[in-house]
$ cat final.tsv   # TSV, C-alpha atoms
chain	number	residue	atom	x	y	z
R	1	MET	CA	-38.05	81.79	6.43
R	2	LYS	CA	-40.30	78.83	6.61
R	3	SER	CA	-38.38	75.77	7.58
R	4	LEU	CA	-38.48	72.89	5.14
R	5	PRO	CA	-38.69	69.25	6.05
R	6	TYR	CA	-35.42	68.80	4.24
R	7	ASP	CA	-32.85	71.55	3.96
R	8	GLY	CA	-29.88	69.75	2.61
R	9	GLY	CA	-28.76	68.49	5.98
R	10	ASP	CA	-29.14	64.99	7.27
R	11	GLU	CA	-31.34	62.79	5.09
R	12	PRO	CA	-34.62	61.66	6.66
R	13	ASP	CA	-34.41	58.12	7.97
R	14	GLU	CA	-36.97	56.74	5.52
R	15	HIS	CA	-35.09	58.28	2.58
R	16	ALA	CA	-31.81	56.90	3.80
R	17	LEU	CA	-33.38	53.46	4.23
R	18	ALA	CA	-34.89	53.58	0.75
R	19	GLY	CA	-31.58	54.75	-0.68
R	20	ARG	CA	-29.70	51.95	1.04
R	21	GLN	CA	-32.23	49.46	-0.29
R	22	VAL	CA	-31.86	50.75	-3.84
R	23	PHE	CA	-28.07	50.79	-3.53
R	24	GLY	CA	-28.18	47.31	-2.06
R	25	LYS	CA	-30.19	46.06	-5.02
R	26	ILE	CA	-27.83	47.73	-7.48
R	27	ALA	CA	-24.79	46.40	-5.65
R	28	GLY	CA	-26.37	42.95	-5.54
R	29	ARG	CA	-27.01	43.05	-9.27
R	30	MET	CA	-23.47	44.27	-9.89
R	31	LYS	CA	-22.10	41.49	-7.73
R	32	GLN	CA	-24.32	39.00	-9.53
R	33	MET	CA	-23.02	40.34	-12.83
R	34	SER	CA	-19.48	39.99	-11.50
R	35	TYR	CA	-20.06	36.34	-10.60
R	36	ALA	CA	-21.72	35.71	-13.95
R	37	SER	CA	-18.78	37.33	-15.72
R	38	GLU	CA	-16.30	35.17	-13.79
R	39	PHE	CA	-18.37	32.07	-14.55
R	40	GLU	CA	-18.35	32.89	-18.26
R	41	ARG	CA	-14.62	33.67	-18.22
R	42	LEU	CA	-13.76	30.31	-16.68
R	43	ILE	CA	-15.92	28.42	-19.18
R	44	ILE	CA	-14.37	30.27	-22.13
R	45	GLN	CA	-10.86	29.73	-20.76
R	46	SER	CA	-11.51	26.00	-20.33
R	47	ASN	CA	-12.69	25.74	-23.94
R	48	GLU	CA	-9.42	27.26	-25.12
R	49	LEU	CA	-7.37	24.56	-23.37
R	50	PRO	CA	-6.57	21.07	-24.65
R	51	PRO	CA	-8.38	18.18	-22.93
R	52	GLY	CA	-7.00	17.35	-19.51
R	53	LYS	CA	-7.09	17.89	-15.78
R	54	VAL	CA	-6.62	21.69	-15.89
R	55	CYS	CA	-9.51	22.13	-18.30
R	56	VAL	CA	-11.80	20.07	-16.04
R	57	GLU	CA	-10.69	21.90	-12.89
R	58	LEU	CA	-11.53	25.30	-14.43
R	59	ILE	CA	-15.07	24.18	-15.17
R	60	GLU	CA	-15.44	22.71	-11.69
R	61	GLN	CA	-14.41	26.13	-10.32
R	62	ALA	CA	-17.07	27.77	-12.51
R	63	ILE	CA	-19.69	25.33	-11.21
R	64	ARG	CA	-18.81	26.17	-7.60
R	65	ILE	CA	-19.48	29.85	-8.38
R	66	ALA	CA	-22.76	28.99	-10.09
R	67	ASP	CA	-23.93	26.76	-7.25
R	68	VAL	CA	-23.50	29.52	-4.67
R	69	HIS	CA	-24.19	32.75	-6.54
R	70	LEU	CA	-26.00	32.07	-9.82
R	71	THR	CA	-29.18	30.41	-11.05
R	72	VAL	CA	-29.97	26.80	-11.80
R	73	GLN	CA	-29.59	27.66	-15.50
R	74	GLU	CA	-25.90	28.47	-15.09
R	75	GLN	CA	-25.49	25.43	-12.83
R	76	PHE	CA	-26.93	23.26	-15.60
R	77	VAL	CA	-24.83	24.86	-18.34
R	78	GLY	CA	-21.68	24.49	-16.25
R	79	ARG	CA	-22.31	20.80	-15.80
R	80	THR	CA	-23.01	20.18	-19.48
R	81	GLU	CA	-19.65	21.84	-20.18
R	82	LEU	CA	-18.08	19.59	-17.54
R	83	ILE	CA	-19.59	16.51	-19.17
R	84	ARG	CA	-18.02	17.44	-22.51
R	85	ALA	CA	-14.64	18.24	-20.99
R	86	CYS	CA	-14.50	15.08	-18.91
R	87	PHE	CA	-15.38	12.91	-21.87
R	88	ARG	CA	-12.68	14.50	-24.03
R	89	SER	CA	-10.20	14.21	-21.15
R	90	GLY	CA	-10.99	10.63	-20.12
R	91	ILE	CA	-12.04	11.61	-16.58
R	92	PRO	CA	-15.31	9.75	-15.97
R	93	ARG	CA	-16.17	10.24	-12.28
R	94	PRO	CA	-17.02	13.96	-12.35
R	95	MET	CA	-18.68	13.42	-15.73
R	96	LEU	CA	-21.04	10.83	-14.30
R	97	ALA	CA	-21.78	13.01	-11.26
R	98	ALA	CA	-22.55	16.01	-13.50
R	99	LEU	CA	-24.78	13.92	-15.76
R	100	THR	CA	-26.70	12.60	-12.75
R	101	TRP	CA	-27.26	16.18	-11.52
R	102	CYS	CA	-28.49	17.38	-14.92
R	103	LEU	CA	-30.92	14.51	-15.35
R	104	ALA	CA	-32.25	14.97	-11.82
R	105	ALA	CA	-32.79	18.69	-12.44
R	106	ILE	CA	-34.76	17.90	-15.59
R	107	ASP	CA	-36.78	15.21	-13.83
R	108	ARG	CA	-37.72	17.62	-11.03
R	109	ASN	CA	-38.71	20.28	-13.59
R	110	GLU	CA	-36.21	22.65	-11.96
R	111	ILE	CA	-35.03	23.66	-15.39
R	112	GLN	CA	-36.34	23.77	-18.91
R	113	PRO	CA	-33.11	23.42	-20.86
R	114	HIS	CA	-32.68	24.69	-24.38
R	115	GLN	CA	-32.89	21.91	-26.96
R	116	ILE	CA	-29.15	21.79	-27.48
R	117	GLU	CA	-28.51	21.47	-23.73
R	118	PHE	CA	-31.13	18.74	-23.46
R	119	ASP	CA	-29.51	16.97	-26.40
R	120	VAL	CA	-26.13	17.15	-24.68
R	121	ALA	CA	-27.53	15.49	-21.56
R	122	LEU	CA	-29.30	12.82	-23.60
R	123	TRP	CA	-26.24	12.23	-25.78
R	124	GLN	CA	-24.00	11.81	-22.77
R	125	CYS	CA	-26.32	9.19	-21.30
R	126	LYS	CA	-24.83	6.86	-23.91
R	127	HIS	CA	-21.35	7.49	-22.63
R	128	ALA	CA	-22.42	6.67	-19.08
R	129	VAL	CA	-23.30	3.22	-20.45
R	130	THR	CA	-19.73	3.03	-21.75
R	131	TRP	CA	-17.96	4.23	-18.61
R	132	ILE	CA	-19.92	2.55	-15.83
R	133	PRO	CA	-18.52	-0.99	-16.38
R	134	ASN	CA	-14.98	0.41	-15.92
R	135	PHE	CA	-15.68	0.77	-12.20
R	136	ASN	CA	-15.67	-2.55	-10.38
R	137	SER	CA	-17.61	-1.04	-7.49
R	138	ILE	CA	-20.62	-0.78	-9.84
R	139	THR	CA	-22.64	-3.99	-9.76
R	140	TYR	CA	-24.00	-5.63	-12.87
R	141	GLU	CA	-27.52	-4.99	-11.58
R	142	GLN	CA	-26.73	-1.28	-11.38
R	143	PHE	CA	-25.46	-1.35	-14.95
R	144	GLU	CA	-28.67	-3.01	-16.13
R	145	ALA	CA	-30.75	-0.45	-14.22
R	146	LEU	CA	-28.78	2.39	-15.82
R	147	LEU	CA	-29.30	0.92	-19.28
R	148	ALA	CA	-33.04	0.60	-18.68
R	149	ASP	CA	-33.19	4.22	-17.49
R	150	VAL	CA	-31.30	5.51	-20.53
R	151	LEU	CA	-33.53	3.57	-22.91
R	152	LYS	CA	-36.59	4.99	-21.14
R	153	ARG	CA	-35.25	8.55	-21.54
R	154	TYR	CA	-34.56	8.03	-25.24
R	155	SER	CA	-38.06	6.66	-25.74
R	156	ALA	CA	-39.62	9.63	-23.91
R	157	ALA	CA	-37.62	12.05	-26.08
R	158	GLY	CA	-38.62	10.28	-29.30
R	159	ALA	CA	-34.97	9.47	-29.99
R	160	SER	CA	-33.69	6.30	-31.62
R	161	PRO	CA	-31.95	3.98	-29.11
R	162	ARG	CA	-29.74	2.53	-31.86
R	163	ALA	CA	-26.48	3.85	-30.43
R	164	VAL	CA	-27.46	3.01	-26.85
R	165	TYR	CA	-27.93	-0.64	-27.78
R	166	GLN	CA	-24.66	-0.73	-29.73
R	167	ILE	CA	-22.65	0.87	-26.93
R	168	ALA	CA	-24.27	-1.38	-24.34
R	169	ALA	CA	-23.32	-4.39	-26.45
R	170	GLY	CA	-19.67	-3.32	-26.23
R	171	SER	CA	-19.97	-2.91	-22.47
R	172	GLU	CA	-21.43	-6.41	-22.17
R	173	LEU	CA	-18.49	-7.79	-24.16
R	174	SER	CA	-16.05	-6.06	-21.80
R	175	MET	CA	-17.76	-7.89	-18.92
R	176	GLY	CA	-17.61	-11.26	-20.69
R	177	HIS	CA	-21.32	-11.54	-21.57
R	178	PRO	CA	-21.30	-12.36	-25.31
R	179	ASP	CA	-24.87	-13.65	-25.58
R	180	ARG	CA	-26.30	-10.48	-24.10
R	181	ALA	CA	-23.98	-8.43	-26.32
R	182	VAL	CA	-25.29	-10.13	-29.46
R	183	GLU	CA	-28.88	-9.58	-28.31
R	184	LEU	CA	-28.31	-5.86	-27.77
R	185	SER	CA	-26.40	-5.49	-31.03
R	186	GLU	CA	-29.27	-7.04	-32.97
R	187	LEU	CA	-31.76	-4.73	-31.26
R	188	GLY	CA	-29.62	-1.77	-32.28
R	189	GLN	CA	-29.49	-2.88	-35.92
R	190	LYS	CA	-33.30	-2.83	-36.02
R	191	CYS	CA	-33.46	0.83	-34.94
R	192	VAL	CA	-33.37	3.74	-37.36
R	193	ARG	CA	-30.52	6.25	-37.46
R	194	ASP	CA	-31.12	9.77	-36.17
R	195	ARG	CA	-29.11	12.67	-34.76
R	196	PHE	CA	-28.25	10.62	-31.67
R	197	SER	CA	-26.74	7.78	-33.69
R	198	GLU	CA	-23.01	7.27	-33.86
R	199	SER	CA	-21.01	7.75	-37.06
R	200	HIS	CA	-20.70	4.95	-39.60
R	201	ALA	CA	-17.08	4.51	-38.48
R	202	TRP	CA	-18.16	3.93	-34.88
R	203	GLU	CA	-20.84	1.50	-36.01
R	204	LEU	CA	-18.16	-0.43	-37.91
R	205	TYR	CA	-16.08	-0.45	-34.72
R	206	PHE	CA	-18.96	-2.01	-32.77
R	207	ASP	CA	-19.18	-4.76	-35.41
R	208	ILE	CA	-15.41	-5.32	-35.30
R	209	GLU	CA	-15.53	-5.74	-31.52
R	210	LEU	CA	-18.01	-8.59	-31.85
R	211	LEU	CA	-16.02	-10.30	-34.60
R	212	PHE	CA	-12.77	-10.20	-32.62
R	213	TYR	CA	-14.52	-11.49	-29.51
R	214	PHE	CA	-15.85	-14.53	-31.37
R	215	ASP	CA	-12.41	-15.30	-32.89
R	216	ARG	CA	-13.45	-14.20	-36.37
R	217	ALA	CA	-10.29	-12.16	-36.76
R	218	GLU	CA	-9.82	-12.73	-40.48
R	219	GLU	CA	-13.30	-11.42	-41.22
R	220	ALA	CA	-12.74	-8.42	-38.95
R	221	LEU	CA	-9.35	-7.58	-40.46
R	222	GLU	CA	-10.81	-7.79	-43.96
R	223	LYS	CA	-13.42	-5.19	-42.99
R	224	LEU	CA	-10.61	-3.00	-41.68
R	225	GLU	CA	-8.54	-2.99	-44.85
R	226	PRO	CA	-10.29	0.12	-46.28
R	227	ILE	CA	-9.56	1.89	-42.98
R	228	TRP	CA	-5.83	1.09	-43.16
R	229	GLU	CA	-5.75	2.31	-46.77
R	230	ASN	CA	-7.59	5.54	-45.99
R	231	PRO	CA	-7.62	6.48	-42.27
R	232	ALA	CA	-9.77	9.51	-43.07
R	233	ARG	CA	-12.68	7.07	-43.34
R	234	ALA	CA	-12.35	6.55	-39.58
R	235	GLU	CA	-11.88	10.08	-38.35
R	236	GLY	CA	-12.01	10.09	-34.55
R	237	VAL	CA	-12.07	6.29	-34.41
R	238	PHE	CA	-8.79	5.29	-36.04
R	239	ASN	CA	-6.93	4.97	-32.73
R	240	HIS	CA	-9.62	2.62	-31.45
R	241	PHE	CA	-9.49	0.47	-34.58
R	242	VAL	CA	-5.73	0.07	-34.17
R	243	THR	CA	-6.07	-0.67	-30.45
R	244	ALA	CA	-8.61	-3.41	-31.16
R	245	ALA	CA	-6.56	-4.93	-34.00
R	246	LEU	CA	-3.03	-5.03	-32.52
R	247	PHE	CA	-3.15	-8.44	-30.88
R	248	PRO	CA	-5.33	-10.11	-33.55
R	249	LEU	CA	-2.80	-8.93	-36.16
R	250	LEU	CA	0.01	-10.32	-34.03
R	251	GLU	CA	-1.77	-13.68	-33.74
R	252	CYS	CA	-2.29	-13.72	-37.52
R	253	GLY	CA	1.43	-13.30	-38.15
R	254	GLN	CA	1.25	-9.64	-39.21
R	255	GLU	CA	3.63	-8.34	-36.53
R	256	GLN	CA	5.43	-5.87	-38.78
R	257	PHE	CA	2.22	-4.28	-40.03
R	258	ALA	CA	0.82	-4.12	-36.51
R	259	GLY	CA	4.02	-2.42	-35.38
R	260	LYS	CA	3.62	0.29	-38.02
R	261	LEU	CA	0.03	0.91	-36.95
R	262	CYS	CA	1.04	1.09	-33.29
R	263	ALA	CA	3.84	3.57	-34.00
R	264	ARG	CA	1.35	5.68	-35.91
R	265	ILE	CA	-1.10	6.14	-33.04
R	266	VAL	CA	1.33	6.45	-30.10
R	267	PRO	CA	2.00	10.20	-30.55
R	268	SER	CA	-1.71	10.99	-30.49
R	269	VAL	CA	-2.70	8.80	-27.53
R	270	VAL	CA	0.16	9.37	-25.07
R	271	GLY	CA	-0.76	12.20	-22.73
R	272	ASN	CA	-4.53	11.99	-23.24
R	273	LEU	CA	-6.28	10.07	-20.48
R	274	ARG	CA	-9.17	9.36	-22.82
R	275	TYR	CA	-6.88	7.00	-24.70
R	276	LEU	CA	-5.28	5.28	-21.73
R	277	ASP	CA	-6.60	1.93	-22.96
R	278	SER	CA	-4.72	2.50	-26.23
R	279	VAL	CA	-1.59	3.40	-24.28
R	280	SER	CA	-1.86	0.16	-22.29
R	281	GLN	CA	-2.35	-1.87	-25.47
R	282	ALA	CA	0.69	-0.25	-27.05
R	283	ILE	CA	2.92	-1.00	-24.04
R	284	ALA	CA	1.71	-4.61	-23.88
R	285	PHE	CA	2.13	-5.03	-27.64
R	286	TYR	CA	5.70	-3.72	-27.63
R	287	ALA	CA	6.52	-5.93	-24.64
R	288	CYS	CA	5.19	-8.99	-26.45
R	289	ILE	CA	7.18	-8.40	-29.66
R	290	GLY	CA	10.40	-7.50	-27.86
R	291	GLU	CA	10.40	-3.76	-28.54
R	292	SER	CA	11.31	-2.94	-24.94
R	293	THR	CA	12.81	0.45	-25.81
R	294	SER	CA	9.52	1.57	-27.35
R	295	ALA	CA	7.60	0.26	-24.34
R	296	LEU	CA	9.89	2.12	-21.91
R	297	SER	CA	9.54	5.33	-23.89
R	298	ILE	CA	5.76	5.21	-23.37
R	299	ILE	CA	6.08	4.18	-19.71
R	300	ASP	CA	8.34	7.18	-19.03
R	301	ARG	CA	5.54	9.52	-20.18
R	302	THR	CA	2.54	7.73	-18.71
R	303	LEU	CA	3.49	5.85	-15.54
R	304	MET	CA	2.17	8.49	-13.14
R	305	ALA	CA	-1.19	8.88	-14.88
R	306	GLY	CA	-1.67	5.19	-15.55
R	307	LEU	CA	-1.11	3.91	-12.03
R	308	VAL	CA	-3.58	6.38	-10.55
R	309	ALA	CA	-6.05	6.26	-13.45
R	310	HIS	CA	-9.59	7.51	-13.01
R	311	SER	CA	-11.16	4.07	-13.46
R	312	GLU	CA	-10.22	0.68	-12.08
R	313	ALA	CA	-10.28	-0.85	-15.57
R	314	ASP	CA	-7.74	1.64	-16.93
R	315	ARG	CA	-5.56	1.16	-13.86
R	316	LEU	CA	-5.73	-2.63	-14.15
R	317	PHE	CA	-4.84	-2.90	-17.84
R	318	PHE	CA	-2.13	-0.27	-17.60
R	319	SER	CA	-0.49	-1.92	-14.59
R	320	HIS	CA	-0.60	-5.31	-16.29
R	321	ALA	CA	0.94	-3.88	-19.46
R	322	VAL	CA	3.83	-2.33	-17.51
R	323	SER	CA	4.35	-5.64	-15.69
R	324	LEU	CA	4.69	-7.35	-19.09
R	325	ALA	CA	7.30	-4.76	-20.07
R	326	MET	CA	9.24	-5.48	-16.86
R	327	LYS	CA	9.06	-9.20	-17.65
R	328	ARG	CA	10.39	-8.54	-21.13
R	329	LEU	CA	13.34	-6.60	-19.73
R	330	GLN	CA	14.19	-9.46	-17.40
R	331	ASN	CA	14.09	-11.86	-20.34
R	332	GLU	CA	16.63	-9.59	-22.02
R	333	GLY	CA	18.87	-9.79	-18.97
R	334	ARG	CA	18.17	-6.25	-17.79
R	335	SER	CA	17.72	-6.43	-14.04
R	336	GLU	CA	17.62	-2.67	-13.61
R	337	VAL	CA	16.46	0.32	-15.65
R	338	THR	CA	16.19	4.06	-15.11
R	339	LEU	CA	12.83	5.62	-15.81
R	340	LYS	CA	12.84	9.24	-16.96
R	341	ILE	CA	10.35	10.57	-14.43
R	342	PRO	CA	10.71	13.88	-12.52
R	343	ALA	CA	11.87	13.18	-8.97
R	344	ASP	CA	9.18	15.36	-7.40
R	345	SER	CA	6.53	13.37	-9.27
R	346	ILE	CA	7.89	10.07	-7.98
R	347	GLU	CA	7.72	11.35	-4.43
R	348	SER	CA	4.31	13.04	-4.60
R	349	ALA	CA	2.19	11.46	-7.34
R	350	MET	CA	3.04	7.76	-7.28
R	351	PRO	CA	1.13	5.09	-5.34
R	352	GLU	CA	2.55	4.41	-1.91
R	353	GLY	CA	5.19	1.70	-1.82
R	354	ILE	CA	6.08	1.66	-5.51
R	355	PRO	CA	9.71	0.51	-5.79
R	356	VAL	CA	11.03	3.41	-7.88
R	357	SER	CA	13.87	5.49	-6.44
R	358	SER	CA	13.89	9.29	-6.51
R	359	SER	CA	16.35	9.08	-9.40
R	360	GLY	CA	14.01	6.80	-11.36
R	361	VAL	CA	16.07	3.64	-10.92
R	362	VAL	CA	13.98	0.49	-10.64
R	363	ALA	CA	14.74	-3.21	-10.30
R	364	THR	CA	12.63	-4.84	-13.04
R	365	ALA	CA	11.80	-8.00	-11.08
R	366	ARG	CA	10.82	-6.02	-8.01
R	367	LEU	CA	8.56	-3.64	-9.96
R	368	GLU	CA	6.94	-6.56	-11.79
R	369	SER	CA	6.17	-8.23	-8.46
R	370	TRP	CA	4.82	-4.99	-6.97
R	371	LEU	CA	2.59	-4.37	-10.01
R	372	SER	CA	1.13	-7.86	-9.75
R	373	ARG	CA	0.15	-7.22	-6.14
R	374	TYR	CA	-1.14	-3.76	-7.11
R	375	PHE	CA	-3.57	-4.83	-9.84
R	376	THR	CA	-4.70	-8.22	-8.48
R	377	PRO	CA	-7.36	-6.80	-6.10
R	378	ASP	CA	-8.96	-4.90	-8.99
R	379	LEU	CA	-8.81	-8.01	-11.17
R	380	ASP	CA	-10.53	-10.10	-8.50
R	381	LYS	CA	-13.29	-7.50	-8.11
R	382	PHE	CA	-13.94	-7.40	-11.85
R	383	ASN	CA	-14.16	-11.19	-12.03
R	384	LEU	CA	-16.58	-11.20	-9.12
R	385	ARG	CA	-18.72	-8.39	-10.54
R	386	ASN	CA	-18.82	-9.91	-14.02
R	387	GLY	CA	-19.58	-13.41	-12.72
R	388	ASN	CA	-16.83	-14.95	-14.87
R	389	GLN	CA	-13.08	-15.07	-15.47
R	390	TYR	CA	-13.12	-13.19	-18.77
R	391	VAL	CA	-10.79	-10.37	-17.72
R	392	SER	CA	-8.30	-12.83	-16.22
R	393	SER	CA	-8.35	-14.93	-19.39
R	394	LEU	CA	-7.75	-11.81	-21.50
R	395	LEU	CA	-4.66	-10.85	-19.49
R	396	GLU	CA	-3.37	-14.42	-19.55
R	397	LYS	CA	-3.81	-14.53	-23.33
R	398	ARG	CA	-1.67	-11.40	-23.72
R	399	ALA	CA	1.02	-12.81	-21.47
R	400	ARG	CA	1.16	-15.98	-23.59
R	401	LEU	CA	1.93	-13.89	-26.67
R	402	MET	CA	5.23	-12.78	-25.13
R	403	ARG	CA	7.97	-13.91	-27.54

$ encode --input "final.tsv" --output "structure tokens"
Amino acid sequence: MKSLPYDGGDEPDEHALAGRQVFGKIAGRMKQMSYASEFERLIIQSNELPPGKVCVELIEQAIRIADVHLTVQEQFVGRTELIRACFRSGIPRPMLAALTWCLAAIDRNEIQPHQIEFDVALWQCKHAVTWIPNFNSITYEQFEALLADVLKRYSAAGASPRAVYQIAAGSELSMGHPDRAVELSELGQKCVRDRFSESHAWELYFDIELLFYFDRAEEALEKLEPIWENPARAEGVFNHFVTAALFPLLECGQEQFAGKLCARIVPSVVGNLRYLDSVSQAIAFYACIGESTSALSIIDRTLMAGLVAHSEADRLFFSHAVSLAMKRLQNEGRSEVTLKIPADSIESAMPEGIPVSSSGVVATARLESWLSRYFTPDLDKFNLRNGNQYVSSLLEKRARLMR
């Protein structure tokens, strides 16, 4: 019988090589599909969770998979998801890093995002303008450069910069620059509304901020009356309206009404880092009006998150608010209180040196003194960055309202 090149025995080397190559390609595609599936699973799982650290960490895990095993498209999508999650969760640092990556990828033409993804990146540019001033390591010149860059991107996209100007005006107010804030606000009013504009409720909030800053509280509170009567008018913004109005209401002699508003928002803001400024305002407000039990109830649930907040501004205002609560307790003759904080959290999650025992017992005078030392460096840096004493004067004004 004539021998055949192949008789069912060992496979020729070139066939084996070709087979291994084909199998390798199939295995590679299967592995790629496996990574893509895991990436998608993590994103879906994160979207099913409430805002918070766990949600953000799941997306960061998905991004790590995308960066190593998937394409730039998945890397971009993962970061747009991270931007959304961080904004909802009040965690700005990874949000700003993700936004920077997305914009750089677009600038280098590494990706041609779908319109909705491009809109997400452009939309979140506004929120960078909001968050950046909360970090005292960011200079004012860097803030101005960021604003100029965002305005340039909106112009290139044919988008109205109305909201950018309005948000930037609020940031300028937070840094004690009222003239610049008015200038930006007026520029925003001249721009048309489009899909990148904020809601009418948010635009009212921007106006209210300016009125309160310039001591036109009565005018501001009059504009807010329809909101108090029908909170549905301010969906998504109601907590911010209350936060802005608490101390002006107190100064206008409407303590009882302010107290009702504060009690209304506390359940929805405690536990969400996005609303840490509202939490701080509530603690300071209760301390000022002598509702120390209410202040302590909030402190029990927020002390760990507040003292190690993701921005220096949140950390500063929270620490100052808790110090006011400790001062109030001393005025009431309470030299010692017990905070209801898990012992393992006190030992592992608190800043080093905080005078809280493992059982939660704290001397009020000692904690007040420690908090003052804790937030003063941040306060000094903000004053230096802003070129004024606005933040100091704001904290002093709150302390003077202590009754």

$ atom_distance --input "final.tsv" --atom1 "atom CA of R:Ser280" --atom2 "atom CA of R:Ser319"
8.1 Å

$ residues_around --input "final.tsv" --residues "R:His200" --least-positions-apart "5" --cutoff "10 Å" --atoms "only C-alpha atoms" --output "list in words"
Tyr205, Phe206, Arg233 and Ala234 of chain R

$ residues_around --input "final.tsv" --residues "stretch 241-257 of chain R" --least-positions-apart "2" --cutoff "9 Å" --atoms "only C-alpha atoms" --output "VMD selection string"
chain R and resid 205 208 to 209 212 215 217 to 218 220 to 221 224 227 234 237 to 239 259 to 262 265 277 to 279 281 to 282 285 289 398 401

$ write_last_selection --input "final.tsv" --atoms "C-alpha atoms" --output "PDB file, in the frame of the given file"
ATOM      1  CA  TYR R 205     -16.080  -0.450 -34.720  1.00  0.00           C
ATOM      2  CA  ILE R 208     -15.410  -5.320 -35.300  1.00  0.00           C
ATOM      3  CA  GLU R 209     -15.530  -5.740 -31.520  1.00  0.00           C
ATOM      4  CA  PHE R 212     -12.770 -10.200 -32.620  1.00  0.00           C
ATOM      5  CA  ASP R 215     -12.410 -15.300 -32.890  1.00  0.00           C
ATOM      6  CA  ALA R 217     -10.290 -12.160 -36.760  1.00  0.00           C
ATOM      7  CA  GLU R 218      -9.820 -12.730 -40.480  1.00  0.00           C
ATOM      8  CA  ALA R 220     -12.740  -8.420 -38.950  1.00  0.00           C
ATOM      9  CA  LEU R 221      -9.350  -7.580 -40.460  1.00  0.00           C
ATOM     10  CA  LEU R 224     -10.610  -3.000 -41.680  1.00  0.00           C
ATOM     11  CA  ILE R 227      -9.560   1.890 -42.980  1.00  0.00           C
ATOM     12  CA  ALA R 234     -12.350   6.550 -39.580  1.00  0.00           C
ATOM     13  CA  VAL R 237     -12.070   6.290 -34.410  1.00  0.00           C
ATOM     14  CA  PHE R 238      -8.790   5.290 -36.040  1.00  0.00           C
ATOM     15  CA  ASN R 239      -6.930   4.970 -32.730  1.00  0.00           C
ATOM     16  CA  GLY R 259       4.020  -2.420 -35.380  1.00  0.00           C
ATOM     17  CA  LYS R 260       3.620   0.290 -38.020  1.00  0.00           C
ATOM     18  CA  LEU R 261       0.030   0.910 -36.950  1.00  0.00           C
ATOM     19  CA  CYS R 262       1.040   1.090 -33.290  1.00  0.00           C
ATOM     20  CA  ILE R 265      -1.100   6.140 -33.040  1.00  0.00           C
ATOM     21  CA  ASP R 277      -6.600   1.930 -22.960  1.00  0.00           C
ATOM     22  CA  SER R 278      -4.720   2.500 -26.230  1.00  0.00           C
ATOM     23  CA  VAL R 279      -1.590   3.400 -24.280  1.00  0.00           C
ATOM     24  CA  GLN R 281      -2.350  -1.870 -25.470  1.00  0.00           C
ATOM     25  CA  ALA R 282       0.690  -0.250 -27.050  1.00  0.00           C
ATOM     26  CA  PHE R 285       2.130  -5.030 -27.640  1.00  0.00           C
ATOM     27  CA  ILE R 289       7.180  -8.400 -29.660  1.00  0.00           C
ATOM     28  CA  ARG R 398      -1.670 -11.400 -23.720  1.00  0.00           C
ATOM     29  CA  LEU R 401       1.930 -13.890 -26.670  1.00  0.00           C
TER      30      LEU R 401
END

$ residues_around --input "final.tsv" --residues "R:Leu296" --least-positions-apart "2" --cutoff "8 Å" --atoms "all atoms listed in the file" --output "ChimeraX atom specification"
/R:283,292-294,298-300,325,339

$ write_last_selection --input "final.tsv" --atoms "C-alpha atoms" --output "compact mmCIF listing (two decimals), in the frame of the given file"
# COMPACT_ATOMS: atom_id res chain seq x y z
CA ILE R 283 2.92 -1.00 -24.04
CA SER R 292 11.31 -2.94 -24.94
CA THR R 293 12.81 0.45 -25.81
CA SER R 294 9.52 1.57 -27.35
CA ILE R 298 5.76 5.21 -23.37
CA ILE R 299 6.08 4.18 -19.71
CA ASP R 300 8.34 7.18 -19.03
CA ALA R 325 7.30 -4.76 -20.07
CA LEU R 339 12.83 5.62 -15.81

$ closest_residue --input "final.tsv" --among "R:Leu122, R:Leu394, R:Ile83, R:Leu147" --to "R:Glu60" --atoms "all atoms listed in the file"
R:Ile83

$ residues_around --input "final.tsv" --residues "stretch 184-186 of chain R" --least-positions-apart "2" --cutoff "10 Å" --atoms "all atoms listed in the file" --output "list in words"
Arg162, Ala163, Val164, Tyr165, Gln166, Ile167, Ala168, Ala169, Gly170, Glu172, Pro178, Asp179, Arg180, Ala181, Val182, Gly188, Gln189, Lys190, Cys191, Phe206, Asp207 and Leu210 of chain R

$ residues_around --input "final.tsv" --residues "stretch 94-106 of chain R" --least-positions-apart "2" --cutoff "8 Å" --atoms "all atoms listed in the file" --output "list of chain:residue names"
R:Phe76, R:Arg79, R:Thr80, R:Leu82, R:Ile83, R:Arg84, R:Cys86, R:Phe87, R:Ile91, R:Pro92, R:Arg108, R:Asn109, R:Glu110, R:Ile111, R:Gln112, R:Pro113, R:Ala121, R:Gln124, R:Cys125, R:Ala128

$ write_last_selection --input "final.tsv" --atoms "C-alpha atoms" --output "tab-separated table (two decimals), in the coordinates of the input"
chain	number	residue	atom	x	y	z
R	76	PHE	CA	-26.93	23.26	-15.60
R	79	ARG	CA	-22.31	20.80	-15.80
R	80	THR	CA	-23.01	20.18	-19.48
R	82	LEU	CA	-18.08	19.59	-17.54
R	83	ILE	CA	-19.59	16.51	-19.17
R	84	ARG	CA	-18.02	17.44	-22.51
R	86	CYS	CA	-14.50	15.08	-18.91
R	87	PHE	CA	-15.38	12.91	-21.87
R	91	ILE	CA	-12.04	11.61	-16.58
R	92	PRO	CA	-15.31	9.75	-15.97
R	108	ARG	CA	-37.72	17.62	-11.03
R	109	ASN	CA	-38.71	20.28	-13.59
R	110	GLU	CA	-36.21	22.65	-11.96
R	111	ILE	CA	-35.03	23.66	-15.39
R	112	GLN	CA	-36.34	23.77	-18.91
R	113	PRO	CA	-33.11	23.42	-20.86
R	121	ALA	CA	-27.53	15.49	-21.56
R	124	GLN	CA	-24.00	11.81	-22.77
R	125	CYS	CA	-26.32	9.19	-21.30
R	128	ALA	CA	-22.42	6.67	-19.08
